[in-house]
There are 2 protein chains.
Amino acid sequence: MRRMTARPANAHQARLLKLLRDGGPNSRAQLGDQVDLSRSKLAVEVDRLLETELVVADGLAASRGGRRSHNIRLNPHLRFLGVDIGATSVDVAVTNAELEILGHINQPMDVREGPVAVFEQVLSMAAKLKASGLAEGFDGAGIGVPGPVRFPEGVPVAPPIMPGWDGFPVREALSQELGCPVMVDNDVNLMAMGEQHAGVARTVADFLCVKIGTGIGCGIVVGGEVYRGTTGSAGDIGHIQAVPDGHPCACGNRGCLEAHFSGAALARDALEAAQQNRSPELAARLENNGTLTAVDVAAAAAAGDATSLDLIREGGNRTGQVIAGLVSFFNPGLVVIGGGVTGLGHTLLAAIRTQVYRQSLPLATGNLPIVLGELGPTAGVIGAARLISDHLFSPA
Amino acid sequence: MRRMTARPANAHQARLLKLLRDGGPNSRAQLGDQVDLSRSKLAVEVDRLLETELVVADGLAASRGGRRSHNIRLNPHLRFLGVDIGATSVDVAVTNAELEILGHINQPMDVREGPVAVFEQVLSMAAKLKASGLAEGFDGAGIGVPGPVRFPEGVPVAPPIMPGWDGFPVREALSQELGCPVMVDNDVNLMAMGEQHAGVARTVADFLCVKIGTGIGCGIVVGGEVYRGTTGSAGDIGHIQAVPDGHPCACGNRGCLEAHFSGAALARDALEAAQQNRSPELAARLENNGTLTAVDVAAAAAAGDATSLDLIREGGNRTGQVIAGLVSFFNPGLVVIGGGVTGLGHTLLAAIRTQVYRQSLPLATGNLPIVLGELGPTAGVIGAARLISDHLFSPA
DNA sequence: CGCCTTTGTCCTGTGAGTGGAAAAAGTGGG
DNA sequence: CCCACTTTTTCCACTCACAGGACAAAGGCG
């Protein structure tokens, strides 16, 4: 199939496309209820969208008491590629225009191998998804990288954990390879967009999305829009000082949150505990696997290992302390916790909640839910698809 | 004179009014250069504005090489009232429609006397400004209060340092008394708007404005707009923990920034230093005045008093530490320091800068100016005038 | 089968806005 | 002082988007 290249010609069409994306198939009449346009105008715009083949007719809708209306839906052949590059693994997924995941692959990988090697892998994963018949091509791709991005250009800037990526024209290169429009963003921002689109943050205008993986970052949503800061590094909370004169951090300071709690820090602490024989559970796992990761700590904690539980609680406290400060400052309507360590589950969440509710003022915490992300590993790829669809469903 | 009641009829008129407010008198042609409207359309809208008397003709403009154009300006009889209620004093000022201060009064006062007493004083100050011939009446008033505000209703919510104000219908009441539209906001937000309108932040879209007075607060500007948070308490950074297990704070926690550095904390520490004879300079001032305030510390520091300098440096360090966290999180393009303690001047600023530049990552601090506010005590009232003018110069 | 409701199409009127032409009001040089 | 050139302002005709009503189509329901 020929790939779609059309874009909405005006704000009305853009609005309609987003309604169809977020609400699925809809009749003209239902659309009319949502957009405050005259029926004639609406009909004209829908007809034009049909001409572009961005939307197609889709049979009859259920009757609402009178004549049945014809349904309209986004072209079911549209395909978006969502790519979420983490520090230690890549997620690649195909979605339809409604951002439903049709196929999803996850593979371990190390970003430090550099952009060329990583893209090779991403492209082969995309090819595998194509080969399985899910897509004949892609109409757009969103891609998340674990570091700050100069958003308009789609280029990573000074990413601490991604040596070799600084200034690499990710957007440009991938657009070339895939032959479709590409948008690049920080992985944390994409997670926030994912949870906003299909997860717990659907109805909240201002919220924070804290991702605890190999590092720690925070997506900031203001008025429904991701806020990226002046240089694209907003939300980089991993290097906020959590412990005065604490552990040394790769950034050169001491006591950074990330140095005290993150996937990497947790693995390090777990290893130490195992070697010092403070936790038989962890020691056994070390014996078995040769290494320890956050997953081992989660499993050990689930098995009741006291040391692991302590590690999680301690980390949750630190994180909660930092989040408490952010809550006072930002006064969000919701805080979402996500990322690799969500496996730590309720123990972690309880520790965070305790700190936040204790340290922030009641006015800010009074009605503040602090919850785990709903989408798990799919948040990033859904957010990536959302990113590119927002772009493509805007007037050119 | 009859007060103006007209409002712009559409977005174009609103745009024009704001251009005239921010750029002063302008010719039709100059306006045309800025608004991307056809000459005919522009002429129509200007004529309508002239009819409403919101703008008036104002003689001929300088020639730009051809026919001289007629100048247009906002009605010079328009008057806004800017009120900035602090914890210990009130500022009231009259501005014209271009937000230039025509008269400004400051009087000591204690917010804790409650809204009724404070308003009595504000109204008498406003009356005094009227009596001096600066205004015959007010076309709008902006008012800042030192605590969180439910913005749409203009009502303080759970203000910690303003007992008796919780839920008091400030907007409603003042509007009644003054007979003009009123908008209410947090004093820190108004300071941010003031610096944005006429101060150091004129060209920056995203910035923080930290006000250190009796308490500590932070105005947050995102994309040129003040961000107020879900419940209106955004920027309430005084109760972020700055020192683990530090001084007890009125809020019930320990180690809050405000408990370690603020006008009140500084006065307390100075008193202690004087009584313990650690500072002859401060002791002498205590002897003279019977009390000590931040002003005394500033004066003593200026005179070279080592203890006072230490207090300021210590406080600046604490504040800088918190700001460093906010900078990492928010990645602003500018940080403005203002409020009562700006008298502490460069010593304070240097301490803050040191902490921020040391603790935040280079990407966020690389091009980040940290400066003192330019407007001093007028920032609040200018911001207040700006608030109400933004409201009145928007389509009804 | 007839009446009612809802949906979709058509058509015309209106008002906003554009862009060109021309008039008005300057400047500056010969 | 006159003339060529510029800029500003007004005027006017034309376009275009859009609303909203009339009407046809299609279905539900008694």
# chains A, B, ... in the order shown; residues from 1 in each chain; ligands from 1
>>> interface_residues(of="chain A", to="chain C", cutoff="9 Å", atoms="only C-alpha atoms (C1' of nucleotides)", output="list of chain:residue names")
A:Arg28, A:Ala29, A:Arg39, A:Ser40, A:Ala43, A:Ser63, A:Arg64, A:Gly65, A:Gly66, A:Arg67, A:Arg68, A:Ser69, A:His70
>>> write_last_selection(atoms="N, CA and C atoms", output="compact mmCIF listing (two decimals), in the first residue's frame")
# COMPACT_ATOMS: atom_id res chain seq x y z
N ARG A 28 -20.72 11.03 11.84
CA ARG A 28 -20.69 12.48 11.64
C ARG A 28 -21.47 13.19 12.73
N ALA A 29 -22.61 12.64 13.07
CA ALA A 29 -23.47 13.30 14.06
C ALA A 29 -22.77 13.39 15.41
N ARG A 39 -23.49 21.68 10.71
CA ARG A 39 -23.48 20.37 10.05
C ARG A 39 -22.89 20.44 8.66
N SER A 40 -23.19 21.55 8.00
CA SER A 40 -22.68 21.69 6.63
C SER A 40 -21.15 21.75 6.64
N ALA A 43 -19.67 18.47 7.42
CA ALA A 43 -19.75 17.54 6.29
C ALA A 43 -18.65 17.84 5.28
N SER A 63 -28.36 3.05 15.72
CA SER A 63 -29.34 4.12 15.66
C SER A 63 -29.45 4.83 17.00
N ARG A 64 -29.64 6.14 16.93
CA ARG A 64 -29.91 6.88 18.16
C ARG A 64 -31.38 7.28 18.20
N GLY A 65 -32.21 6.51 17.53
CA GLY A 65 -33.64 6.80 17.57
C GLY A 65 -34.21 7.19 16.23
N GLY A 66 -33.33 7.56 15.30
CA GLY A 66 -33.82 7.95 13.99
C GLY A 66 -33.01 7.26 12.92
N ARG A 67 -32.74 7.98 11.87
CA ARG A 67 -31.94 7.42 10.78
C ARG A 67 -30.56 7.03 11.28
N ARG A 68 -30.10 5.88 10.83
CA ARG A 68 -28.77 5.45 11.25
C ARG A 68 -27.71 6.21 10.48
N SER A 69 -26.64 6.51 11.15
CA SER A 69 -25.62 7.31 10.48
C SER A 69 -24.45 6.43 10.06
N HIS A 70 -23.73 6.93 9.09
CA HIS A 70 -22.55 6.22 8.62
C HIS A 70 -21.37 6.53 9.50
>>> select_by_dssp(residues="stretch 104-283 of chain B", states="strand (DSSP E)", output="ChimeraX atom specification")
/B:104-108,140-145,149-150,155-156,182-186,207-212,216-222,225-226
>>> residues_around(residues="A:Glu136", least_positions_apart="3", cutoff="10 Å", atoms="only C-alpha atoms (C1' of nucleotides)", output="VMD selection string")
chain A and resid 1 to 3 77 to 79 127 129 to 133 139
>>> write_last_selection(atoms="N, CA and C atoms", output="mmCIF file, in the first residue's frame")
data_model
loop_
_atom_site.group_PDB
_atom_site.id
_atom_site.type_symbol
_atom_site.label_atom_id
_atom_site.label_comp_id
_atom_site.auth_asym_id
_atom_site.auth_seq_id
_atom_site.Cartn_x
_atom_site.Cartn_y
_atom_site.Cartn_z
ATOM 1 N N MET A 1 0.837 -1.210 0.000
ATOM 2 C CA MET A 1 0.000 0.000 0.000
ATOM 3 C C MET A 1 0.868 1.255 0.000
ATOM 4 N N ARG A 2 0.354 2.232 -0.732
ATOM 5 C CA ARG A 2 1.019 3.544 -0.732
ATOM 6 C C ARG A 2 0.870 4.163 0.664
ATOM 7 N N ARG A 3 1.963 4.719 1.189
ATOM 8 C CA ARG A 3 1.883 5.358 2.510
ATOM 9 C C ARG A 3 1.119 6.660 2.439
ATOM 10 N N HIS A 77 -5.388 1.297 7.654
ATOM 11 C CA HIS A 77 -4.071 0.881 7.160
ATOM 12 C C HIS A 77 -2.944 1.763 7.689
ATOM 13 N N LEU A 78 -3.292 2.854 8.358
ATOM 14 C CA LEU A 78 -2.254 3.727 8.910
ATOM 15 C C LEU A 78 -1.475 2.974 9.984
ATOM 16 N N ARG A 79 -0.177 3.180 9.991
ATOM 17 C CA ARG A 79 0.677 2.508 10.977
ATOM 18 C C ARG A 79 1.692 3.475 11.547
ATOM 19 N N ALA A 127 11.694 -4.183 11.055
ATOM 20 C CA ALA A 127 11.539 -5.065 9.900
ATOM 21 C C ALA A 127 10.849 -6.352 10.314
ATOM 22 N N LEU A 129 8.689 -6.710 12.697
ATOM 23 C CA LEU A 129 7.260 -6.411 12.873
ATOM 24 C C LEU A 129 6.570 -6.324 11.514
ATOM 25 N N LYS A 130 7.248 -5.710 10.574
ATOM 26 C CA LYS A 130 6.692 -5.629 9.229
ATOM 27 C C LYS A 130 6.510 -7.023 8.655
ATOM 28 N N ALA A 131 7.551 -7.839 8.822
ATOM 29 C CA ALA A 131 7.525 -9.174 8.231
ATOM 30 C C ALA A 131 6.389 -10.011 8.800
ATOM 31 N N SER A 132 6.027 -9.752 10.035
ATOM 32 C CA SER A 132 4.955 -10.555 10.616
ATOM 33 C C SER A 132 3.585 -10.092 10.126
ATOM 34 N N GLY A 133 3.593 -9.169 9.164
ATOM 35 C CA GLY A 133 2.334 -8.819 8.526
ATOM 36 C C GLY A 133 1.549 -7.723 9.218
ATOM 37 N N ASP A 139 3.703 5.232 8.618
ATOM 38 C CA ASP A 139 3.313 6.591 8.253
ATOM 39 C C ASP A 139 3.987 7.622 9.138
#
>>> interface_residues(of="chain D", to="chain B", cutoff="7 Å", atoms="only C-alpha atoms (C1' of nucleotides)", output="PDB file with C-alpha atoms (C1' of nucleotides), in the first residue's frame")
ATOM      1  C1'  DT D   6       7.147  57.488  -0.422  1.00  0.00           C
ATOM      2  C1'  DT D   7       4.212  56.392   3.000  1.00  0.00           C
ATOM      3  C1'  DT D   8      -0.303  56.432   5.020  1.00  0.00           C
TER       4       DT D   8
END
>>> interface_residues(of="chain B", to="chain A", cutoff="7 Å", atoms="only C-alpha atoms", output="PyMOL selection string")
chain B and resi 206+229-231+233-237+240+253+325+328-333+359+364
>>> write_last_selection(atoms="C-alpha atoms", output="tab-separated table (two decimals), in the first residue's frame")
chain	number	residue	atom	x	y	z
B	206	ASP	CA	10.12	30.20	31.01
B	229	GLY	CA	-0.90	24.65	39.90
B	230	THR	CA	-3.92	22.50	40.50
B	231	THR	CA	-5.01	24.16	43.71
B	233	SER	CA	-0.35	26.59	45.59
B	234	ALA	CA	2.35	26.12	42.97
B	235	GLY	CA	5.58	27.84	43.87
B	236	ASP	CA	5.14	27.33	47.56
B	237	ILE	CA	8.76	26.40	48.09
B	240	ILE	CA	10.60	22.29	50.97
B	253	ASN	CA	7.77	19.85	59.92
B	325	GLY	CA	16.85	21.31	42.62
B	328	SER	CA	17.26	20.71	37.48
B	329	PHE	CA	13.57	20.01	37.47
B	330	PHE	CA	12.25	23.02	35.62
B	331	ASN	CA	15.16	24.03	33.40
B	332	PRO	CA	14.24	27.71	33.33
B	333	GLY	CA	15.80	30.32	31.11
B	359	GLN	CA	24.73	21.34	42.00
B	364	ALA	CA	20.56	23.34	32.69
>>> closest_residue(among="A:Thr354, A:Ser38, A:Thr52, A:Asn75", to="A:Ala97", atoms="only C-alpha atoms")
A:Asn75
>>> residues_around(residues="B:Ile101", least_positions_apart="3", cutoff="10 Å", atoms="only C-alpha atoms (C1' of nucleotides)", output="PyMOL selection string")
chain B and resi 79-82+93-98+104+378+381-382+385
>>> atom_distance(atom1="atom CA of A:Ala300", atom2="atom CA of A:Ser279")
9.1 Å
>>> select_by_dssp(residues="stretch 148-350 of chain B", states="helix (DSSP H, G or I)", output="PyMOL selection string")
chain B and resi 170-178+187-198+237-239+257-260+263-275+280-289+294-302+306-330+340-350
>>> write_last_selection(atoms="C-alpha atoms", output="CSV table (one decimal), in the first residue's frame")
chain,number,residue,atom,x,y,z
B,170,VAL,CA,-11.3,39.2,48.3
B,171,ARG,CA,-12.2,39.8,44.7
B,172,GLU,CA,-15.9,40.2,45.4
B,173,ALA,CA,-15.5,42.5,48.3
B,174,LEU,CA,-12.9,44.7,46.8
B,175,SER,CA,-14.8,44.9,43.5
B,176,GLN,CA,-17.8,46.1,45.4
B,177,GLU,CA,-15.9,48.7,47.3
B,178,LEU,CA,-13.9,50.1,44.4
B,187,ASP,CA,2.0,38.1,45.6
B,188,VAL,CA,4.8,36.1,44.2
B,189,ASN,CA,3.0,35.5,40.9
B,190,LEU,CA,2.5,39.2,40.6
B,191,MET,CA,6.1,39.9,41.2
B,192,ALA,CA,6.9,37.5,38.4
B,193,MET,CA,4.4,39.3,36.1
B,194,GLY,CA,5.9,42.6,37.1
B,195,GLU,CA,9.5,41.5,36.2
B,196,GLN,CA,8.1,40.0,33.1
B,197,HIS,CA,6.4,43.2,32.0
B,198,ALA,CA,8.9,45.8,33.0
B,237,ILE,CA,8.8,26.4,48.1
B,238,GLY,CA,9.1,27.8,51.6
B,239,HIS,CA,8.3,24.4,53.0
B,257,LEU,CA,13.7,26.3,53.9
B,258,GLU,CA,11.6,29.1,55.4
B,259,ALA,CA,12.6,28.1,58.9
B,260,HIS,CA,16.3,28.4,57.9
B,263,GLY,CA,13.0,37.6,56.7
B,264,ALA,CA,11.6,36.1,59.9
B,265,ALA,CA,14.4,33.4,60.3
B,266,LEU,CA,17.1,36.0,59.6
B,267,ALA,CA,15.7,38.3,62.3
B,268,ARG,CA,15.6,35.4,64.7
B,269,ASP,CA,19.1,34.3,64.0
B,270,ALA,CA,20.4,37.9,64.2
B,271,LEU,CA,18.7,38.4,67.6
B,272,GLU,CA,20.4,35.2,68.8
B,273,ALA,CA,23.7,36.3,67.6
B,274,ALA,CA,23.3,39.7,69.2
B,275,GLN,CA,22.3,38.2,72.5
B,280,PRO,CA,28.9,43.7,68.3
B,281,GLU,CA,27.4,45.4,65.3
B,282,LEU,CA,24.1,43.6,65.7
B,283,ALA,CA,24.2,44.0,69.4
B,284,ALA,CA,24.5,47.8,69.0
B,285,ARG,CA,21.6,47.9,66.6
B,286,LEU,CA,19.5,45.8,69.0
B,287,GLU,CA,20.3,48.2,71.8
B,288,ASN,CA,19.2,51.1,69.6
B,289,ASN,CA,16.0,49.8,68.1
B,294,ALA,CA,16.6,41.6,58.0
B,295,VAL,CA,17.3,45.3,57.3
B,296,ASP,CA,19.6,45.4,60.3
B,297,VAL,CA,21.5,42.3,59.1
B,298,ALA,CA,21.9,43.9,55.7
B,299,ALA,CA,23.3,47.1,57.2
B,300,ALA,CA,25.6,45.2,59.5
B,301,ALA,CA,26.8,43.1,56.6
B,302,ALA,CA,27.4,46.2,54.5
B,306,ALA,CA,31.4,38.9,59.8
B,307,THR,CA,28.5,37.3,61.7
B,308,SER,CA,25.9,39.0,59.5
B,309,LEU,CA,27.8,38.0,56.4
B,310,ASP,CA,27.9,34.5,57.6
B,311,LEU,CA,24.2,34.5,58.2
B,312,ILE,CA,23.5,35.7,54.7
B,313,ARG,CA,26.0,33.3,53.1
B,314,GLU,CA,24.5,30.4,55.0
B,315,GLY,CA,21.0,31.4,54.0
B,316,GLY,CA,22.0,31.8,50.5
B,317,ASN,CA,23.5,28.4,50.5
B,318,ARG,CA,20.4,26.8,51.7
B,319,THR,CA,18.3,28.7,49.2
B,320,GLY,CA,20.7,28.0,46.5
B,321,GLN,CA,20.5,24.3,47.3
B,322,VAL,CA,16.7,24.3,46.9
B,323,ILE,CA,16.8,26.4,43.8
B,324,ALA,CA,19.4,24.1,42.3
B,325,GLY,CA,16.8,21.3,42.6
B,326,LEU,CA,14.2,23.4,41.0
B,327,VAL,CA,16.5,24.4,38.2
B,328,SER,CA,17.3,20.7,37.5
B,329,PHE,CA,13.6,20.0,37.5
B,330,PHE,CA,12.3,23.0,35.6
B,340,GLY,CA,12.5,42.2,50.9
B,341,VAL,CA,15.9,40.6,51.3
B,342,THR,CA,17.3,41.9,48.0
B,343,GLY,CA,18.9,44.5,50.3
B,344,LEU,CA,21.3,41.7,51.1
B,345,GLY,CA,22.4,42.1,47.6
B,346,HIS,CA,25.5,40.6,46.1
B,347,THR,CA,26.5,38.5,49.0
B,348,LEU,CA,23.3,36.6,48.9
B,349,LEU,CA,23.3,36.3,45.1
B,350,ALA,CA,26.8,35.0,45.1
>>> residues_around(residues="B:Leu20", least_positions_apart="4", cutoff="8 Å", atoms="only C-alpha atoms (C1' of nucleotides)", output="PyMOL selection string")
chain B and resi 16+24-26+73-74+98
>>> write_last_selection(atoms="N, CA and C atoms", output="compact mmCIF listing (two decimals), in the first residue's frame")
# COMPACT_ATOMS: atom_id res chain seq x y z
N LEU B 16 -4.43 44.40 19.87
CA LEU B 16 -4.03 45.79 19.66
C LEU B 16 -3.89 46.51 21.00
N GLY B 24 3.38 51.51 24.14
CA GLY B 24 3.05 52.92 24.16
C GLY B 24 2.38 53.37 22.87
N PRO B 25 2.23 54.68 22.70
CA PRO B 25 1.56 55.21 21.51
C PRO B 25 2.20 54.67 20.23
N ASN B 26 1.36 54.46 19.24
CA ASN B 26 1.78 53.81 18.02
C ASN B 26 0.92 54.33 16.88
N ARG B 73 -3.23 56.01 20.98
CA ARG B 73 -2.74 55.55 22.29
C ARG B 73 -3.91 55.14 23.17
N LEU B 74 -3.60 54.41 24.18
CA LEU B 74 -4.63 54.04 25.14
C LEU B 74 -5.11 55.32 25.81
N GLU B 98 -0.79 52.23 30.41
CA GLU B 98 0.49 51.65 29.96
C GLU B 98 1.27 51.06 31.14
